[in-house]
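Peer 1: Quick one, data_29.cif (mmCIF, C-alpha atoms):
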data_entry
loop_
_atom_site.label_atom_id
_atom_site.label_comp_id
_atom_site.auth_asym_id
_atom_site.auth_seq_id
_atom_site.Cartn_x
_atom_site.Cartn_y
_atom_site.Cartn_z
CA MET B 1 112.70 217.49 93.58
CA SER B 2 115.42 219.64 92.14
CA PHE B 3 116.02 222.16 89.43
CA VAL B 4 118.13 220.71 86.63
CA ALA B 5 119.49 222.17 83.41
CA LYS B 6 117.69 221.31 80.19
CA PRO B 7 119.77 219.03 77.94
CA THR B 8 119.98 221.72 75.28
CA ILE B 9 120.50 225.45 74.90
CA THR B 10 117.98 227.05 72.55
CA ILE B 11 118.98 229.82 70.15
CA THR B 12 116.04 231.59 68.55
CA PHE B 13 116.42 233.82 65.49
CA THR B 14 113.65 236.19 64.43
CA PHE B 15 113.22 237.30 60.81
CA ARG B 16 110.94 240.06 59.45
CA ASP B 17 109.71 240.30 55.85
CA ASP B 18 108.72 243.36 53.83
CA ASP B 19 105.07 242.92 54.82
CA GLY B 20 106.07 243.25 58.49
CA LYS B 21 105.39 239.59 59.22
CA GLU B 22 107.81 237.90 61.56
CA SER B 23 108.95 234.31 61.83
CA THR B 24 111.38 232.51 64.11
CA THR B 25 113.66 229.53 63.76
CA GLU B 26 115.66 227.68 66.38
CA ILE B 27 119.04 226.00 66.65
CA LEU B 28 119.81 223.73 69.60
CA LEU B 29 123.22 223.33 71.22
CA PRO B 30 124.28 220.70 73.76
CA GLY B 31 123.47 221.76 77.31
CA ALA B 32 127.13 221.45 78.33
CA THR B 33 128.03 224.36 76.03
CA THR B 34 129.20 227.32 78.09
CA ALA B 35 127.20 230.55 77.85
CA ALA B 36 130.21 232.31 76.33
CA ASN B 37 130.62 229.63 73.65
CA ALA B 38 126.89 229.70 72.91
CA ILE B 39 127.13 233.44 72.28
CA THR B 40 130.18 232.97 70.06
CA PHE B 41 128.46 230.27 68.01
CA SER B 42 125.18 232.19 67.76
CA THR B 43 126.91 235.33 66.60
CA ALA B 44 128.82 233.40 63.91
CA VAL B 45 125.88 231.34 62.66
CA ARG B 46 123.65 234.41 62.54
CA ALA B 47 125.54 235.65 59.51
CA LEU B 48 125.18 232.24 57.80
CA LEU B 49 121.41 232.26 58.29
CA ALA B 50 121.13 235.83 57.05
CA ALA B 51 123.08 234.86 53.94
CA VAL B 52 120.42 232.39 52.83
CA SER B 53 117.32 234.50 53.54
CA ASP B 54 116.05 237.69 51.92
CA ALA B 55 114.08 238.61 55.04
CA THR B 56 115.86 240.73 57.65
CA LEU B 57 117.22 238.98 60.70
CA ILE B 58 116.03 241.30 63.47
CA GLY B 59 116.64 239.42 66.70
CA MET B 60 118.40 236.58 68.46
CA ASN B 61 117.72 235.05 71.88
CA ILE B 62 119.81 232.49 73.70
CA LEU B 63 117.86 230.50 76.28
CA LEU B 64 119.56 228.54 79.04
CA GLY B 65 116.66 226.50 80.41
CA TYR B 66 116.17 224.83 83.78
CA TYR B 67 113.22 222.82 84.98
CA GLU B 68 111.85 221.06 88.04
CA ASN B 69 112.44 217.37 87.41
CA ALA B 70 109.91 215.97 89.90
CA ILE B 71 106.89 218.17 90.56
CA GLY B 72 105.22 217.00 93.76
CA THR B 73 101.79 217.82 95.17
CA ILE B 74 101.11 221.48 94.56
CA ALA B 75 99.88 223.42 97.61
CA SER B 76 96.66 225.42 97.50
CA SER B 77 97.56 228.39 95.33
CA ASP B 78 96.31 230.64 92.52
CA VAL B 79 98.78 231.97 89.97
CA GLU B 80 96.27 234.63 88.87
CA ASN B 81 96.90 236.43 92.17
CA LYS B 82 100.10 238.27 91.36
CA GLY B 83 102.32 240.13 93.76
CA VAL B 84 103.35 243.12 91.68
CA LEU B 85 106.56 244.94 92.56
CA LEU B 86 106.96 248.17 90.61
CA PHE B 87 110.53 249.39 90.55
CA ASN B 88 112.18 252.75 89.87
CA SER B 89 115.24 252.60 87.65
CA ALA B 90 118.31 254.82 87.64
CA ASN B 91 117.21 256.30 84.29
CA GLY B 92 113.76 257.20 85.64
CA LEU B 93 111.82 254.46 83.86
CA LYS B 94 109.64 251.94 85.63
CA SER B 95 110.02 248.18 85.62
CA SER B 96 107.82 245.53 87.21
CA LEU B 97 108.01 242.00 88.57
CA ALA B 98 104.74 240.06 88.95
CA ILE B 99 105.06 237.05 91.28
CA PRO B 100 102.39 234.38 90.66
CA SER B 101 100.28 233.26 93.64
CA VAL B 102 101.76 235.74 96.08
CA LEU B 103 101.49 234.60 99.72
CA GLU B 104 98.65 236.17 101.70
CA SER B 105 101.05 236.31 104.64
CA VAL B 106 103.22 238.94 102.94
CA LEU B 107 100.32 241.35 102.47
CA GLN B 108 99.59 244.24 104.77
CA GLY B 109 96.41 244.48 106.84
CA ASN B 110 94.42 245.87 103.91
CA ASN B 111 95.04 242.55 102.07
CA GLN B 112 96.15 244.55 99.03
CA ASP B 113 99.53 246.17 99.63
CA ILE B 114 102.64 244.03 99.98
CA ASP B 115 104.55 244.41 103.25
CA LEU B 116 107.97 245.49 102.04
CA ALA B 117 109.41 245.07 105.53
CA ASN B 118 108.54 241.35 105.52
CA ALA B 119 111.89 239.52 105.72
CA ASP B 120 111.36 237.40 102.59
CA VAL B 121 109.98 240.32 100.57
CA SER B 122 112.74 242.60 101.78
CA ASP B 123 115.40 240.08 100.71
CA LEU B 124 113.83 239.89 97.25
CA VAL B 125 113.69 243.67 96.96
CA ASP B 126 117.32 243.90 98.12
CA ALA B 127 118.33 241.36 95.46
CA MET B 128 116.48 243.32 92.76
CA THR B 129 117.54 246.84 93.75
CA LEU B 130 120.91 246.30 95.43
CA GLY B 131 122.15 243.06 93.89
CA LEU B 132 122.85 239.43 94.72
CA SER B 133 126.15 237.61 94.18
CA SER B 134 127.54 240.92 92.87
CA ILE B 135 124.95 241.03 90.05
CA GLN B 136 122.56 243.99 89.82
CA PRO B 137 119.26 243.53 87.90
CA CYS B 138 118.22 246.25 85.44
CA ASN B 139 115.29 247.43 83.35
CA GLY B 140 114.78 246.82 79.62
CA SER B 141 117.18 249.59 78.70
CA GLY B 142 119.93 248.25 80.96
CA SER B 143 119.50 250.79 83.75
CA ASP B 144 119.83 249.59 87.37
CA LEU B 145 116.68 249.07 89.42
CA VAL B 146 117.17 251.36 92.41
CA GLY B 147 114.00 251.22 94.52
CA VAL B 148 110.38 250.15 94.85
CA ARG B 149 107.70 252.68 93.99
CA ASP B 150 104.70 250.43 94.59
CA ALA B 151 103.93 246.87 95.68
CA TYR B 152 100.46 245.32 95.62
CA LYS B 153 98.39 242.24 94.89
CA GLN B 154 96.67 242.16 91.51
CA ASN B 155 94.52 239.54 89.82
CA ARG B 156 95.69 238.78 86.28
CA ARG B 157 94.50 236.14 83.88
CA SER B 158 96.58 232.97 83.66
CA HIS B 159 97.49 230.45 80.98
CA LEU B 160 95.98 227.06 81.69
CA SER B 161 98.44 224.21 81.58
CA GLY B 162 97.62 221.49 79.03
CA ARG B 163 94.35 222.91 77.73
CA THR B 164 92.93 226.05 76.17
CA ARG B 165 90.74 228.52 77.96
CA LYS B 166 87.58 230.04 76.55
CA GLY B 167 86.46 233.62 76.91
CA MET C 1 114.93 236.86 123.30
CA GLY C 2 111.69 237.75 121.52
CA LEU C 3 109.81 235.59 119.04
CA ASP C 4 110.82 237.84 116.14
CA GLN C 5 114.48 237.41 117.01
CA LEU C 6 114.09 233.64 117.32
CA ILE C 7 112.43 233.49 113.90
CA ALA C 8 115.13 235.74 112.45
CA GLN C 9 117.79 233.43 113.88
CA GLU C 10 116.21 230.40 112.20
CA ARG C 11 115.95 232.12 108.86
CA VAL C 12 118.82 231.65 106.42
CA SER C 13 119.68 234.84 104.59
CA PRO C 14 120.52 234.55 100.89
CA PHE C 15 123.11 237.28 101.34
CA THR C 16 126.69 237.07 102.48
CA ASP C 17 128.30 239.76 104.62
CA GLU C 18 129.97 240.93 101.40
CA ASP C 19 126.52 241.33 99.80
CA ARG C 20 125.27 243.29 102.83
CA VAL C 21 128.26 245.62 102.72
CA MET C 22 127.64 246.18 98.99
CA HIS C 23 123.93 246.84 99.65
CA THR C 24 124.62 249.44 102.30
CA SER C 25 127.33 251.06 100.19
CA LYS C 26 124.86 251.47 97.32
CA MET C 27 122.13 252.68 99.65
CA VAL C 28 124.46 255.30 101.14
CA GLU C 29 125.56 256.57 97.73
CA ARG C 30 121.98 256.70 96.40
CA THR C 31 120.65 258.43 99.50
CA PHE C 32 123.37 261.02 99.98
CA GLY C 33 124.27 261.42 96.31
CA VAL C 34 128.03 261.28 96.94
CA GLU C 35 130.80 258.70 96.67
CA LEU C 36 130.97 256.45 99.70
CA SER C 37 134.63 257.31 100.26
CA THR C 38 133.77 260.97 100.87
CA LEU C 39 131.56 259.98 103.82
CA GLY C 40 133.37 257.03 105.37
CA ARG C 41 133.34 253.28 104.94
CA VAL C 42 130.84 250.44 105.26
CA GLU C 43 131.57 247.43 107.45
CA MET C 44 129.72 244.75 109.39
CA LYS C 45 128.95 245.83 112.94
CA ASN C 46 126.93 243.64 115.33
CA GLY C 47 125.83 241.46 112.43
CA GLN C 48 124.61 244.37 110.36
CA ALA C 49 126.24 246.44 107.63
CA ALA C 50 126.69 250.03 108.71
CA LEU C 51 128.24 253.24 107.44
CA ILE C 52 131.08 254.23 109.73
CA PHE C 53 131.78 257.95 109.55
CA SER C 54 133.28 260.74 111.60
CA ALA C 55 131.62 264.04 112.46
CA ASN C 56 132.66 266.72 114.93
CA GLY C 57 135.59 264.60 116.04
CA ALA C 58 133.51 261.54 116.96
CA ASP C 59 132.94 258.23 115.17
CA HIS C 60 129.37 257.24 114.31
CA SER C 61 127.58 254.33 112.68
CA LEU C 62 124.51 254.44 110.47
CA SER C 63 122.42 251.44 109.45
CA TRP C 64 119.15 251.26 107.55
CA ALA C 65 115.91 249.30 107.27
CA ARG C 66 112.94 249.19 104.93
CA ARG C 67 109.45 250.07 106.21
CA PRO C 68 106.30 248.16 105.14
CA ASN C 69 105.54 250.91 102.57
CA GLY C 70 109.05 250.65 101.12
CA SER C 71 110.45 253.87 102.55
CA ILE C 72 113.95 253.69 104.00
CA VAL C 73 114.71 254.69 107.58
CA TRP C 74 118.12 255.03 109.19
CA TYR C 75 119.42 254.21 112.65
CA LEU C 76 122.21 256.33 114.09
CA ASP C 77 124.71 254.73 116.50
CA GLY C 78 122.57 251.64 117.12
CA SER C 79 119.56 253.67 118.26
CA ASP C 80 116.04 252.22 117.89
CA ASP C 81 114.80 255.65 116.86
CA PRO C 82 114.26 255.64 113.07
CA LEU C 83 115.45 258.67 111.14
CA VAL C 84 113.81 259.72 107.87
CA LEU C 85 116.54 261.43 105.87
CA GLY C 86 115.03 261.79 102.39
CA GLY C 87 117.57 262.10 99.60
CA SER C 88 120.65 263.96 98.31
CA ASP C 89 121.74 267.26 99.93
CA ARG C 90 118.86 267.34 102.38
CA ALA C 91 119.69 263.83 103.59
CA LEU C 92 123.22 264.86 104.50
CA ALA C 93 122.03 268.04 106.23
CA ARG C 94 119.44 266.09 108.21
CA LEU C 95 121.99 263.48 109.22
CA LEU C 96 124.40 266.13 110.47
CA ALA C 97 121.58 267.80 112.39
CA HIS C 98 120.85 264.51 114.15
CA VAL C 99 124.53 263.92 114.87
CA GLU C 100 124.83 267.37 116.44
CA SER C 101 121.61 267.11 118.48
#
As structure tokens, please, write out the structure in this file.
Peer 2:
Amino acid sequence: MSFVAKPTITITFTFRDDDGKESTTEILLPGATTAANAITFSTAVRALLAAVSDATLIGMNILLGYYENAIGTIASSDVENKGVLLFNSANGLKSSLAIPSVLESVLQGNNQDIDLANADVSDLVDAMTLGLSSIQPCNGSGSDLVGVRDAYKQNRRSHLSGRTRKG
Amino acid sequence: MGLDQLIAQERVSPFTDEDRVMHTSKMVERTFGVELSTLGRVEMKNGQAALIFSANGADHSLSWARRPNGSIVWYLDGSDDPLVLGGSDRALARLLAHVES
């Protein structure tokens, strides 16, 4: 089992019409394209797409995908049990990370709060709030995450793989 | 050697010493609200990143740890006695009070 890069990089463009409806279209690039070159291409082709549409091009995402190429037996787990880490950001806004199927062993005695002194949890929090490989994660407005304000287990509905769910 | 230490020895940290120095530098600046260089420097000491600073003519070291509830505690000169310093001006005043005590 190993994580491998997808064979393509996906660029998604989002258009909005005057009724407020939105639609997306994708362009694929070879997976060997560097991230910098993908940005250069996307930025250039964006203008070409806009030139042949009378909707407004409102967004562009570049997705570098990776996937597990040999999924083995999956241990007893439940992705609806999230471990929620709620972060403070330097600009005062909150940001959260919800980890599917959080380990019971990282919870405190009340089986609800996450033990932030647990070595694995603490490493994750350090990576999020202090950085890893000289990269510092941020919130949606680009402000550094600087600390944890709350950490707890929460049950949230999942998406079922390969079939739809009623109710 | 206790069980916790044995487990800690077996565990591979995702962080390099350089990461740990960066972490403690950021933690110092966020806690005390001043540039690191005005307080001292951060370096690895006994396998742990620590702020090295001088006060009242003596050198001191300050390391930190996270409690289960997420609060940060500090350890002065390798002591096992956790110090709660809070933030900004008060943190610096509390640290100096502990250094002088």
Peer 1: Kindly provide the residues of chain C that approach chain B to within 10 Å, each paired with its closest atom pair and their distance in Å to one decimal, based on only C-alpha atoms, listed by chain and increasing number, as CSV.
Peer 2:
residue,atom,partner,partner_atom,distance
C:Ala8,CA,B:Ala119,CA,8.4
C:Arg11,CA,B:Ala119,CA,9.0
C:Ser13,CA,B:Asp123,CA,7.8
C:Pro14,CA,B:Asp123,CA,7.5
C:Phe15,CA,B:Leu132,CA,7.0
C:Thr16,CA,B:Ser133,CA,8.3
C:Glu18,CA,B:Ser133,CA,8.8
C:Asp19,CA,B:Leu132,CA,6.5
C:Arg20,CA,B:Leu130,CA,9.1
C:Met22,CA,B:Leu130,CA,7.6
C:His23,CA,B:Leu130,CA,5.2
C:Thr24,CA,B:Leu130,CA,8.4
C:Ser25,CA,B:Leu130,CA,9.3
C:Lys26,CA,B:Leu130,CA,6.8
C:Met27,CA,B:Leu130,CA,7.7
C:Arg30,CA,B:Val146,CA,8.2
C:Ala65,CA,B:Ala117,CA,7.9
C:Arg66,CA,B:Ala117,CA,5.5
C:Arg67,CA,B:Ala117,CA,5.0
C:Pro68,CA,B:Ala117,CA,4.4
C:Asn69,CA,B:Leu116,CA,6.0
C:Gly70,CA,B:Leu116,CA,5.4
C:Ser71,CA,B:Val148,CA,8.6
C:Ile72,CA,B:Gly147,CA,9.8
Peer 1: Once the PyMOL selection byres ((chain C and resi 48-54) around 9) has been evaluated on this model, what residues remain selected, and can you format them as a PyMOL selection string?
Peer 2: chain C and resi 17+20-25+28+36+39-47+55-64
Peer 1: Provide the CA of Thr40 (chain B) to CA of Tyr67 (chain B) distance in Å, to one decimal place.
Peer 2: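 Atom-to-atom, CA of Thr40 (chain B) to CA of Tyr67 (chain B), that is 24.8 Å.
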Peer 1: Excluding Leu83 (chain C) and any residue of its chain fewer than 3 positions from it, enumerate the residues within 8 Å of it, using only C-alpha atoms, and give them as a list in words.
Peer 2: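 Contacts, with the query itself left out: Val73, Trp74, Tyr75 and Leu76 of chain C.
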Peer 1: Rounded to one decimal, what separation in Å do you get between CA of Asp54 (chain B) and CA of Ala36 (chain B)?
Peer 2: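 Spanning CA of Asp54 (chain B) to CA of Ala36 (chain B) is a straight-line distance of 28.7 Å.
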Peer 1: What's around Gly140 (chain B) at 10 Å? Count all atoms listed in the file, leave out sequence neighbours fewer than 4 positions away in its own chain, and write the answer as JSON, numbers by chain.
Peer 2: {"B": [89, 93, 94, 95, 144]}
Peer 1: Would you put the residues from that selection into a file with C-alpha atoms, as a compact mmCIF listing (two decimals), in the frame of the given file?
Peer 2:
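So result-v4.txt came out as:
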# COMPACT_ATOMS: atom_id res chain seq x y z
CA SER B 89 115.24 252.60 87.65
CA LEU B 93 111.82 254.46 83.86
CA LYS B 94 109.64 251.94 85.63
CA SER B 95 110.02 248.18 85.62
CA ASP B 144 119.83 249.59 87.37
Peer 1: So which residues get picked by the PyMOL selection byres ((chain B and resi 27) around 6) here, written as an mmCIF file with C-alpha atoms, in the frame of the given file?
Peer 2:
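File expr_26.cif, as written:
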data_model
loop_
_atom_site.group_PDB
_atom_site.id
_atom_site.type_symbol
_atom_site.label_atom_id
_atom_site.label_comp_id
_atom_site.auth_asym_id
_atom_site.auth_seq_id
_atom_site.Cartn_x
_atom_site.Cartn_y
_atom_site.Cartn_z
ATOM 1 C CA ILE B 11 118.980 229.820 70.150
ATOM 2 C CA GLU B 26 115.660 227.680 66.380
ATOM 3 C CA LEU B 28 119.810 223.730 69.600
#
Peer 1: Please determine, counting all atoms listed in the file, which residue among C:Ser88, C:Leu96, C:Pro82, C:Ser101 has the shortest atom-to-atom distance to Val34 (chain C).
Peer 2: C:Ser88
Peer 1: One number please: CA of Phe15 (chain B) to CA of Ala50 (chain B), in Å, one decimal.
Peer 2: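 The value is 8.9 Å.
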Peer 1: Apply the PyMOL selection byres ((chain B and resi 71-86) around 8) to the structure shown and report the selected residues as an mmCIF file with C-alpha atoms, in the frame of the given file.
Peer 2:
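Dumped everything to selection34.cif:
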data_model
loop_
_atom_site.group_PDB
_atom_site.id
_atom_site.type_symbol
_atom_site.label_atom_id
_atom_site.label_comp_id
_atom_site.auth_asym_id
_atom_site.auth_seq_id
_atom_site.Cartn_x
_atom_site.Cartn_y
_atom_site.Cartn_z
ATOM 1 C CA MET B 1 112.700 217.490 93.580
ATOM 2 C CA GLU B 68 111.850 221.060 88.040
ATOM 3 C CA ASN B 69 112.440 217.370 87.410
ATOM 4 C CA ALA B 70 109.910 215.970 89.900
ATOM 5 C CA PHE B 87 110.530 249.390 90.550
ATOM 6 C CA ASN B 88 112.180 252.750 89.870
ATOM 7 C CA LYS B 94 109.640 251.940 85.630
ATOM 8 C CA SER B 95 110.020 248.180 85.620
ATOM 9 C CA SER B 96 107.820 245.530 87.210
ATOM 10 C CA LEU B 97 108.010 242.000 88.570
ATOM 11 C CA ALA B 98 104.740 240.060 88.950
ATOM 12 C CA ILE B 99 105.060 237.050 91.280
ATOM 13 C CA PRO B 100 102.390 234.380 90.660
ATOM 14 C CA SER B 101 100.280 233.260 93.640
ATOM 15 C CA VAL B 102 101.760 235.740 96.080
ATOM 16 C CA ILE B 114 102.640 244.030 99.980
ATOM 17 C CA VAL B 148 110.380 250.150 94.850
ATOM 18 C CA ARG B 149 107.700 252.680 93.990
ATOM 19 C CA ASP B 150 104.700 250.430 94.590
ATOM 20 C CA ALA B 151 103.930 246.870 95.680
ATOM 21 C CA TYR B 152 100.460 245.320 95.620
ATOM 22 C CA LYS B 153 98.390 242.240 94.890
ATOM 23 C CA GLN B 154 96.670 242.160 91.510
ATOM 24 C CA ASN B 155 94.520 239.540 89.820
ATOM 25 C CA ARG B 156 95.690 238.780 86.280
ATOM 26 C CA ARG B 157 94.500 236.140 83.880
ATOM 27 C CA SER B 158 96.580 232.970 83.660
#
Peer 1: With distances taken over all atoms listed in the file, which of B:Leu49, B:Cys138, B:Leu145, B:Met128 is nearest to Thr24 (chain B)?
Peer 2: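 Smallest distance to Thr24 (chain B) is found for B:Leu49.
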Peer 1: Neighbours of Gly31 (chain B) within 10 Å (only C-alpha atoms; same-chain residues fewer than 2 positions away dropped), as number ranges by chain?
Peer 2: B: 5-10, 28-29, 33-35, 38, 64-65
